[in-house]
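Text of protein_39.pdb (PDB, C-alpha atoms, pLDDT in the B column) as supplied:
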```
ATOM      1  CA  MET S 161      28.118  16.953  27.661  1.00 48.00           C
ATOM      2  CA  SER S 162      27.935  16.991  23.908  1.00 49.00           C
ATOM      3  CA  GLU S 163      25.134  15.085  22.228  1.00 50.00           C
ATOM      4  CA  PRO S 164      26.062  11.924  20.331  1.00 50.00           C
ATOM      5  CA  GLN S 165      26.503  12.524  16.647  1.00 50.00           C
ATOM      6  CA  MET S 166      24.412  10.732  14.084  1.00 47.00           C
ATOM      7  CA  GLU S 167      26.038   8.121  11.938  1.00 48.00           C
ATOM      8  CA  SER S 168      26.267   8.938   8.284  1.00 47.00           C
ATOM      9  CA  VAL S 169      23.588   7.432   6.078  1.00 47.00           C
ATOM     10  CA  THR S 170      24.877   4.164   4.670  1.00 49.00           C
ATOM     11  CA  ARG S 171      21.945   2.929   2.617  1.00 66.00           C
ATOM     12  CA  ALA S 172      19.267   4.466   0.434  1.00 77.00           C
ATOM     13  CA  ARG S 173      16.303   2.184  -0.170  1.00 86.00           C
ATOM     14  CA  ARG S 174      14.464   2.948  -3.399  1.00 91.00           C
ATOM     15  CA  VAL S 175      10.688   2.498  -3.110  1.00 93.00           C
ATOM     16  CA  PHE S 176       8.158   2.492  -5.953  1.00 95.00           C
ATOM     17  CA  LEU S 177       4.526   3.522  -5.416  1.00 93.00           C
ATOM     18  CA  ASN S 178       1.811   3.394  -8.040  1.00 93.00           C
ATOM     19  CA  ASN S 179      -0.461   6.393  -8.536  1.00 88.00           C
ATOM     20  CA  ILE S 180       1.632   8.533  -6.216  1.00 86.00           C
ATOM     21  CA  ASP S 181      -0.833  11.446  -6.369  1.00 83.00           C
ATOM     22  CA  SER S 182      -3.642   9.375  -4.844  1.00 83.00           C
ATOM     23  CA  TYR S 183      -4.889   9.727  -1.277  1.00 81.00           C
ATOM     24  CA  SER S 184      -3.151   6.677   0.188  1.00 83.00           C
ATOM     25  CA  SER S 185       0.047   6.685  -1.889  1.00 86.00           C
ATOM     26  CA  ARG S 186       0.573  10.375  -1.172  1.00 84.00           C
ATOM     27  CA  THR S 187       0.424   9.691   2.567  1.00 84.00           C
ATOM     28  CA  ILE S 188       2.717   6.660   2.374  1.00 84.00           C
ATOM     29  CA  THR S 189       5.218   8.840   0.520  1.00 84.00           C
ATOM     30  CA  LYS S 190       5.011  11.474   3.250  1.00 82.00           C
ATOM     31  CA  VAL S 191       5.587   8.929   6.026  1.00 80.00           C
ATOM     32  CA  LEU S 192       8.551   7.334   4.260  1.00 79.00           C
ATOM     33  CA  SER S 193      10.072  10.777   3.804  1.00 75.00           C
ATOM     34  CA  GLU S 194       9.735  11.743   7.465  1.00 71.00           C
ATOM     35  CA  GLU S 195      12.699  11.898   9.785  1.00 57.00           C
ATOM     36  CA  PRO S 196      12.444   9.374  12.635  1.00 54.00           C
ATOM     37  CA  GLU S 197      11.456  10.634  16.083  1.00 51.00           C
ATOM     38  CA  ASN S 198      14.388  11.975  18.076  1.00 41.00           C
ATOM     39  CA  ALA S 199      16.445  11.944  14.900  1.00 42.00           C
ATOM     40  CA  SER S 200      19.124  14.097  16.529  1.00 41.00           C
ATOM     41  CA  ARG S 201      19.766  11.389  19.120  1.00 39.00           C
ATOM     42  CA  LEU S 202      19.294   8.250  17.065  1.00 36.00           C
ATOM     43  CA  SER S 203      21.607   6.996  14.380  1.00 43.00           C
ATOM     44  CA  ARG S 204      20.021   6.580  10.996  1.00 46.00           C
ATOM     45  CA  THR S 205      21.545   4.149   8.561  1.00 56.00           C
ATOM     46  CA  GLU S 206      18.735   4.063   5.992  1.00 67.00           C
ATOM     47  CA  ILE S 207      16.769   6.597   3.982  1.00 81.00           C
ATOM     48  CA  PHE S 208      14.012   6.139   1.431  1.00 84.00           C
ATOM     49  CA  GLN S 209      13.888   7.458  -2.099  1.00 87.00           C
ATOM     50  CA  VAL S 210      10.309   7.286  -3.369  1.00 88.00           C
ATOM     51  CA  VAL S 211       9.434   7.149  -7.061  1.00 89.00           C
ATOM     52  CA  GLY S 212       6.152   6.324  -8.727  1.00 90.00           C
ATOM     53  CA  THR S 213       3.573   6.911 -11.405  1.00 89.00           C
ATOM     54  CA  GLY S 214       1.473  10.060 -11.256  1.00 79.00           C
ATOM     55  CA  SER S 215       0.002  12.965 -13.157  1.00 71.00           C
ATOM     56  CA  ASP S 216       1.514  15.852 -11.171  1.00 61.00           C
ATOM     57  CA  GLN S 217       4.165  17.332 -13.445  1.00 52.00           C
ATOM     58  CA  SER S 218       5.858  19.196 -10.599  1.00 48.00           C
ATOM     59  CA  GLY S 219       7.550  16.125  -9.151  1.00 50.00           C
ATOM     60  CA  ASP S 220      10.791  14.775 -10.584  1.00 49.00           C
ATOM     61  CA  SER S 221      10.060  11.404  -8.952  1.00 63.00           C
ATOM     62  CA  ARG S 222       6.834  10.909 -10.922  1.00 67.00           C
ATOM     63  CA  LEU S 223       6.650   8.838 -14.078  1.00 74.00           C
ATOM     64  CA  GLN S 224       3.908  10.288 -16.251  1.00 71.00           C
ATOM     65  CA  ASP S 225       2.180   7.641 -18.374  1.00 70.00           C
ATOM     66  CA  PRO S 226       5.331   5.535 -18.902  1.00 81.00           C
ATOM     67  CA  ASP S 227       5.273   2.670 -21.366  1.00 88.00           C
ATOM     68  CA  ARG S 228       5.709  -0.750 -19.803  1.00 91.00           C
ATOM     69  CA  ASP S 229       9.338  -1.141 -20.843  1.00 92.00           C
ATOM     70  CA  HIS S 230      10.224   2.127 -19.128  1.00 92.00           C
ATOM     71  CA  LEU S 231       8.131   1.261 -16.082  1.00 94.00           C
ATOM     72  CA  LEU S 232       9.665  -2.192 -15.755  1.00 95.00           C
ATOM     73  CA  SER S 233      13.136  -0.682 -15.940  1.00 94.00           C
ATOM     74  CA  CYS S 234      12.185   1.577 -13.024  1.00 93.00           C
ATOM     75  CA  LEU S 235      10.724  -1.310 -11.001  1.00 96.00           C
ATOM     76  CA  LEU S 236      13.893  -3.346 -11.439  1.00 96.00           C
ATOM     77  CA  LYS S 237      15.895  -0.512  -9.871  1.00 94.00           C
ATOM     78  CA  CYS S 238      13.727  -0.479  -6.725  1.00 95.00           C
ATOM     79  CA  GLN S 239      14.197  -2.594  -3.617  1.00 95.00           C
ATOM     80  CA  VAL S 240      10.538  -2.254  -2.598  1.00 95.00           C
ATOM     81  CA  VAL S 241       7.519  -2.076  -4.929  1.00 97.00           C
ATOM     82  CA  ILE S 242       4.144  -1.072  -3.476  1.00 96.00           C
ATOM     83  CA  TYR S 243       0.918  -1.265  -5.477  1.00 96.00           C
ATOM     84  CA  ASP S 244      -2.273   0.092  -3.927  1.00 93.00           C
ATOM     85  CA  ILE S 245      -5.473  -1.332  -5.429  1.00 94.00           C
ATOM     86  CA  SER S 246      -7.731  -0.345  -2.530  1.00 88.00           C
ATOM     87  CA  GLN S 247      -8.890   2.934  -4.073  1.00 83.00           C
ATOM     88  CA  GLU S 248      -9.144   2.455  -7.829  1.00 86.00           C
ATOM     89  CA  ALA S 249     -10.224  -0.769  -9.536  1.00 87.00           C
ATOM     90  CA  GLU S 250      -8.263   0.028 -12.695  1.00 89.00           C
ATOM     91  CA  GLN S 251      -5.050  -0.392 -10.709  1.00 93.00           C
ATOM     92  CA  VAL S 252      -5.718  -4.150 -10.440  1.00 96.00           C
ATOM     93  CA  GLU S 253      -4.580  -4.758 -14.013  1.00 96.00           C
ATOM     94  CA  ALA S 254      -1.480  -2.609 -13.524  1.00 95.00           C
ATOM     95  CA  ALA S 255      -0.520  -4.433 -10.327  1.00 96.00           C
ATOM     96  CA  THR S 256      -1.119  -7.835 -11.944  1.00 97.00           C
ATOM     97  CA  TRP S 257       1.251  -6.950 -14.754  1.00 97.00           C
ATOM     98  CA  ALA S 258       3.877  -5.548 -12.368  1.00 97.00           C
ATOM     99  CA  VAL S 259       4.129  -8.523 -10.008  1.00 98.00           C
ATOM    100  CA  THR S 260       4.079 -10.982 -12.925  1.00 98.00           C
ATOM    101  CA  ALA S 261       6.762  -9.088 -14.848  1.00 97.00           C
ATOM    102  CA  LEU S 262       9.018  -8.806 -11.801  1.00 97.00           C
ATOM    103  CA  HIS S 263       8.653 -12.491 -10.990  1.00 98.00           C
ATOM    104  CA  ALA S 264       9.546 -13.422 -14.570  1.00 97.00           C
ATOM    105  CA  ARG S 265      12.761 -11.400 -14.306  1.00 96.00           C
ATOM    106  CA  MET S 266      14.041 -12.576 -10.939  1.00 95.00           C
ATOM    107  CA  GLY S 267      17.170 -13.734 -12.720  1.00 93.00           C
ATOM    108  CA  GLN S 268      17.997 -10.078 -13.390  1.00 92.00           C
ATOM    109  CA  PHE S 269      17.719  -9.006  -9.741  1.00 95.00           C
ATOM    110  CA  SER S 270      20.953  -7.645  -8.312  1.00 90.00           C
ATOM    111  CA  GLU S 271      19.500  -7.871  -4.786  1.00 94.00           C
ATOM    112  CA  PRO S 272      16.317  -9.126  -3.068  1.00 96.00           C
ATOM    113  CA  LYS S 273      13.061  -7.283  -3.734  1.00 97.00           C
ATOM    114  CA  ILE S 274       9.846  -6.891  -1.780  1.00 97.00           C
ATOM    115  CA  PHE S 275       6.429  -6.540  -3.419  1.00 98.00           C
ATOM    116  CA  VAL S 276       3.591  -5.195  -1.257  1.00 96.00           C
ATOM    117  CA  LEU S 277      -0.018  -5.236  -2.442  1.00 96.00           C
ATOM    118  CA  VAL S 278      -2.319  -2.894  -0.530  1.00 94.00           C
ATOM    119  CA  SER S 279      -5.731  -4.448  -1.096  1.00 93.00           C
ATOM    120  CA  THR S 280      -9.134  -4.076   0.522  1.00 88.00           C
ATOM    121  CA  VAL S 281     -11.249  -5.883   3.112  1.00 84.00           C
ATOM    122  CA  MET S 282     -13.916  -6.156   0.420  1.00 83.00           C
ATOM    123  CA  THR S 283     -12.212  -9.435  -0.490  1.00 86.00           C
ATOM    124  CA  TRP S 284     -13.342 -10.708   2.938  1.00 81.00           C
ATOM    125  CA  VAL S 285     -16.882  -9.365   3.281  1.00 77.00           C
ATOM    126  CA  SER S 286     -18.688 -12.497   2.067  1.00 76.00           C
ATOM    127  CA  SER S 287     -16.774 -14.785   4.424  1.00 76.00           C
ATOM    128  CA  SER S 288     -18.834 -16.873   6.821  1.00 70.00           C
ATOM    129  CA  SER S 289     -16.968 -15.891   9.995  1.00 60.00           C
ATOM    130  CA  PRO S 290     -18.953 -13.882  12.566  1.00 55.00           C
ATOM    131  CA  ALA S 291     -18.435 -10.145  12.261  1.00 56.00           C
ATOM    132  CA  ALA S 292     -17.335  -9.908  15.889  1.00 56.00           C
ATOM    133  CA  LEU S 293     -14.266 -12.078  15.287  1.00 62.00           C
ATOM    134  CA  PRO S 294     -11.044 -10.426  14.101  1.00 67.00           C
ATOM    135  CA  LEU S 295      -9.655 -11.375  10.707  1.00 67.00           C
ATOM    136  CA  THR S 296      -6.568 -13.573  11.002  1.00 71.00           C
ATOM    137  CA  GLU S 297      -3.893 -15.037   8.742  1.00 71.00           C
ATOM    138  CA  GLU S 298      -5.432 -18.490   9.247  1.00 73.00           C
ATOM    139  CA  MET S 299      -8.673 -17.267   7.653  1.00 74.00           C
ATOM    140  CA  PHE S 300      -6.920 -16.026   4.498  1.00 74.00           C
ATOM    141  CA  ARG S 301      -7.574 -19.162   2.443  1.00 76.00           C
ATOM    142  CA  ARG S 302     -11.229 -19.314   3.496  1.00 78.00           C
ATOM    143  CA  ARG S 303     -12.135 -15.711   2.742  1.00 84.00           C
ATOM    144  CA  ARG S 304     -14.899 -14.876   0.279  1.00 84.00           C
ATOM    145  CA  ALA S 305     -14.958 -11.672  -1.726  1.00 86.00           C
ATOM    146  CA  HIS S 306     -17.830  -9.399  -2.638  1.00 88.00           C
ATOM    147  CA  PRO S 307     -18.839 -10.191  -6.251  1.00 89.00           C
ATOM    148  CA  SER S 308     -17.471  -6.831  -7.397  1.00 91.00           C
ATOM    149  CA  PHE S 309     -14.042  -7.619  -5.924  1.00 91.00           C
ATOM    150  CA  ILE S 310     -13.329 -11.070  -7.360  1.00 93.00           C
ATOM    151  CA  GLN S 311     -10.484  -9.663  -9.478  1.00 95.00           C
ATOM    152  CA  HIS S 312      -8.935  -8.127  -6.382  1.00 95.00           C
ATOM    153  CA  MET S 313      -8.955 -11.507  -4.645  1.00 94.00           C
ATOM    154  CA  ASP S 314      -7.532 -13.275  -7.699  1.00 95.00           C
ATOM    155  CA  LEU S 315      -4.647 -10.806  -7.667  1.00 97.00           C
ATOM    156  CA  GLU S 316      -4.093 -11.350  -3.942  1.00 95.00           C
ATOM    157  CA  LYS S 317      -3.768 -15.085  -4.597  1.00 94.00           C
ATOM    158  CA  ARG S 318      -1.335 -14.470  -7.447  1.00 97.00           C
ATOM    159  CA  VAL S 319       0.841 -12.182  -5.322  1.00 97.00           C
ATOM    160  CA  VAL S 320       1.029 -14.758  -2.516  1.00 95.00           C
ATOM    161  CA  ARG S 321       1.747 -17.602  -4.944  1.00 96.00           C
ATOM    162  CA  LEU S 322       4.527 -15.788  -6.808  1.00 97.00           C
ATOM    163  CA  GLY S 323       6.186 -14.899  -3.533  1.00 96.00           C
ATOM    164  CA  LYS S 324       6.575 -18.566  -2.615  1.00 95.00           C
ATOM    165  CA  SER S 325       8.811 -19.602  -5.524  1.00 95.00           C
ATOM    166  CA  ASN S 326      11.957 -17.886  -4.187  1.00 96.00           C
ATOM    167  CA  PRO S 327      11.134 -15.780  -1.101  1.00 95.00           C
ATOM    168  CA  ALA S 328      14.789 -15.075  -0.388  1.00 96.00           C
ATOM    169  CA  LEU S 329      14.974 -13.178  -3.677  1.00 97.00           C
ATOM    170  CA  PHE S 330      11.391 -12.013  -4.229  1.00 97.00           C
ATOM    171  CA  SER S 331       9.135 -11.796  -1.180  1.00 97.00           C
ATOM    172  CA  THR S 332       5.524 -10.664  -1.445  1.00 97.00           C
ATOM    173  CA  TYR S 333       2.934  -9.385   1.021  1.00 96.00           C
ATOM    174  CA  VAL S 334      -0.788  -8.619   0.881  1.00 94.00           C
ATOM    175  CA  VAL S 335      -2.194  -5.942   3.198  1.00 91.00           C
ATOM    176  CA  ALA S 336      -5.978  -6.042   3.667  1.00 86.00           C
ATOM    177  CA  SER S 337      -6.726  -2.391   4.310  1.00 84.00           C
ATOM    178  CA  GLY S 338      -9.854  -1.233   6.069  1.00 80.00           C
ATOM    179  CA  LEU S 339     -11.663   1.872   4.838  1.00 80.00           C
ATOM    180  CA  GLN S 340      -9.117   4.664   5.050  1.00 80.00           C
ATOM    181  CA  TYR S 341      -9.622   7.967   6.844  1.00 80.00           C
ATOM    182  CA  GLY S 342      -7.601  10.903   8.146  1.00 77.00           C
ATOM    183  CA  MET S 343      -5.220  13.514   6.733  1.00 72.00           C
ATOM    184  CA  GLY S 344      -7.621  15.068   4.256  1.00 71.00           C
ATOM    185  CA  GLU S 345     -10.239  12.342   4.018  1.00 68.00           C
ATOM    186  CA  GLN S 346     -11.692  10.644   1.007  1.00 67.00           C
ATOM    187  CA  ILE S 347     -14.556   8.183   1.427  1.00 70.00           C
ATOM    188  CA  PHE S 348     -15.597   9.599   4.817  1.00 71.00           C
ATOM    189  CA  TYR S 349     -15.244  13.261   3.875  1.00 66.00           C
ATOM    190  CA  SER S 350     -18.944  14.089   3.657  1.00 68.00           C
ATOM    191  CA  TYR S 351     -19.774  12.174   6.854  1.00 70.00           C
ATOM    192  CA  PHE S 352     -17.110  13.936   8.916  1.00 70.00           C
ATOM    193  CA  LYS S 353     -18.053  17.294   7.414  1.00 74.00           C
ATOM    194  CA  ASN S 354     -21.736  16.860   8.226  1.00 70.00           C
ATOM    195  CA  SER S 355     -20.921  15.798  11.783  1.00 71.00           C
ATOM    196  CA  TRP S 356     -18.645  18.816  12.206  1.00 74.00           C
ATOM    197  CA  LEU S 357     -21.455  21.080  11.018  1.00 76.00           C
ATOM    198  CA  GLY S 358     -23.908  19.476  13.433  1.00 78.00           C
ATOM    199  CA  MET S 359     -25.969  17.873  10.694  1.00 81.00           C
ATOM    200  CA  GLU S 360     -27.736  14.562  11.142  1.00 77.00           C
ATOM    201  CA  ALA S 361     -25.554  11.622  10.187  1.00 72.00           C
ATOM    202  CA  GLU S 362     -26.705   9.235   7.487  1.00 73.00           C
ATOM    203  CA  MET S 363     -27.345   5.749   8.873  1.00 71.00           C
ATOM    204  CA  PHE S 364     -27.255   2.424   7.065  1.00 72.00           C
ATOM    205  CA  GLY S 365     -29.330  -0.418   8.463  1.00 75.00           C
ATOM    206  CA  ASP S 366     -29.835  -0.410  12.226  1.00 76.00           C
ATOM    207  CA  GLY S 367     -26.565   1.407  12.854  1.00 71.00           C
ATOM    208  CA  LYS S 368     -24.972  -1.592  14.563  1.00 73.00           C
ATOM    209  CA  ASN S 369     -22.950  -2.751  11.579  1.00 72.00           C
ATOM    210  CA  VAL S 370     -19.178  -2.919  12.065  1.00 74.00           C
ATOM    211  CA  VAL S 371     -17.102  -1.180   9.393  1.00 77.00           C
ATOM    212  CA  PRO S 372     -13.364  -2.013   9.356  1.00 79.00           C
ATOM    213  CA  THR S 373     -11.373   1.221   9.190  1.00 80.00           C
ATOM    214  CA  ILE S 374      -7.759   2.325   9.441  1.00 82.00           C
ATOM    215  CA  HIS S 375      -6.185   5.748   9.802  1.00 81.00           C
ATOM    216  CA  ILE S 376      -4.182   6.479   6.672  1.00 80.00           C
ATOM    217  CA  SER S 377      -1.006   7.243   8.641  1.00 80.00           C
ATOM    218  CA  ASP S 378      -1.255   3.861  10.404  1.00 81.00           C
ATOM    219  CA  LEU S 379      -1.612   2.139   7.045  1.00 81.00           C
ATOM    220  CA  ALA S 380       1.433   3.993   5.758  1.00 77.00           C
ATOM    221  CA  ARG S 381       3.535   2.888   8.730  1.00 74.00           C
TER     222      ARG S 381
END
```

Re-express the file's structure as C-alpha cells.
Amino acid sequence: MSEPQMESVTRARRVFLNNIDSYSSRTITKVLSEEPENASRLSRTEIFQVVGTGSDQSGDSRLQDPDRDHLLSCLLKCQVVIYDISQEAEQVEAATWAVTALHARMGQFSEPKIFVLVSTVMTWVSSSSPAALPLTEEMFRRRRAHPSFIQHMDLEKRVVRLGKSNPALFSTYVVASGLQYGMGEQIFYSYFKNSWLGMEAEMFGDGKNVVPTIHISDLAR
C-alpha cells in the first residue's frame, strides 16, 4: 500500500525574532525551522519563515543594525513578532518601541498579528506567595518584581494593555521564562561543566532554594 502523500504547503507564516544570534532566539529559530514529527505521514499546511535582527553577516534573514523605519517595515510584514528580553536588559527599550509602534499602526495591518514578549520570572521574585505554590495567571496582577527588573515588569504591563484594545487584530502574550538551560548552555554552563568534571558544586544559602528553570527547547515550543 502506498503511503499517503503530503498536502502542498498552503501558508507561510513570517516570524520576527529580535537578536536572532542570541542563545534563546537561536534555539527558537531552530525549532520553528524543524520538520514536524512523522512529516512523511502528516500533511503540513504551514511553514515558518524566520527573520530578525542580528550581527552574523552570513544569514540573509538577519537585519544588521537597521534603522527604525526599516525595522518597522519588516515588522509590519510579519504575522508573528517575538521579542526576548529575558537575556539582555538593553532589549527592553527595543521591545517597548516595537510593541508601541505596531499598536499605533494597527490601521495598516493587512491581517491579524501576534506579539509575544519572552520575559523573566525575575518580575515575580518579590511576590508574597509561598515559593512552593506554582505561579498562575490569577497571580499576574499581584506579582512584585526584583528592583533591578522594574522596567521589565512595566513593559509586561504595556504589552498586556496594548493587546486588549483590539485583540482580533493585534493580540499580545507575555511568557514568564524560568532560567534557561540546554542545547549549549548559558547561565548554567559553569555549573554543569564543574559537575561533569566531578568538581564540588557551588551552593547558595542552605541549598533548599527553588530556582524556576526551563529547557530552552521547551521554551521554544

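CA of Lys324 (chain S) lies 22.1 Å from CA of Trp284 (chain S).
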
Output the residue selection produced by the PyMOL selection byres ((chain S and resi 224) around 6) on the file above, formatted as a short mmCIF file (atom, residue, chain, number, x, y, z; two decimals) with C-alpha atoms, in the coordinates of the input.
```
data_model
loop_
_atom_site.label_atom_id
_atom_site.label_comp_id
_atom_site.auth_asym_id
_atom_site.auth_seq_id
_atom_site.Cartn_x
_atom_site.Cartn_y
_atom_site.Cartn_z
CA THR S 213 3.57 6.91 -11.40
CA GLY S 214 1.47 10.06 -11.26
CA SER S 215 0.00 12.96 -13.16
CA LEU S 223 6.65 8.84 -14.08
CA ASP S 225 2.18 7.64 -18.37
CA PRO S 226 5.33 5.54 -18.90
#
```

| Care to translate the PyMOL selection byres ((chain S and resi 235) around 12) into actual residues of this file, as a PyMOL selection string? | chain S and resi 174-178+210-213+223+226+228-234+236-243+255+257-263+265-266+268-269+273-275

| request: Counting only C-alpha atoms, select every polymer residue within 10 Å of (-6.9, -2.0, -5.9) as defined in the file's coordinates, and provide the selection as a list in words. | output: Tyr243, Asp244, Ile245, Ser246, Gln247, Glu248, Ala249, Glu250, Gln251, Val252, Glu253, Ala254, Ala255, Leu277, Val278, Ser279, Thr280, Phe309, Gln311, His312, Met313, Leu315 and Glu316 of chain S

| note | Of S:Phe364, S:Ile347, S:Ser308, S:Gly358, the one sitting nearest Ser184 (chain S) when using only C-alpha atoms is S:Ile347
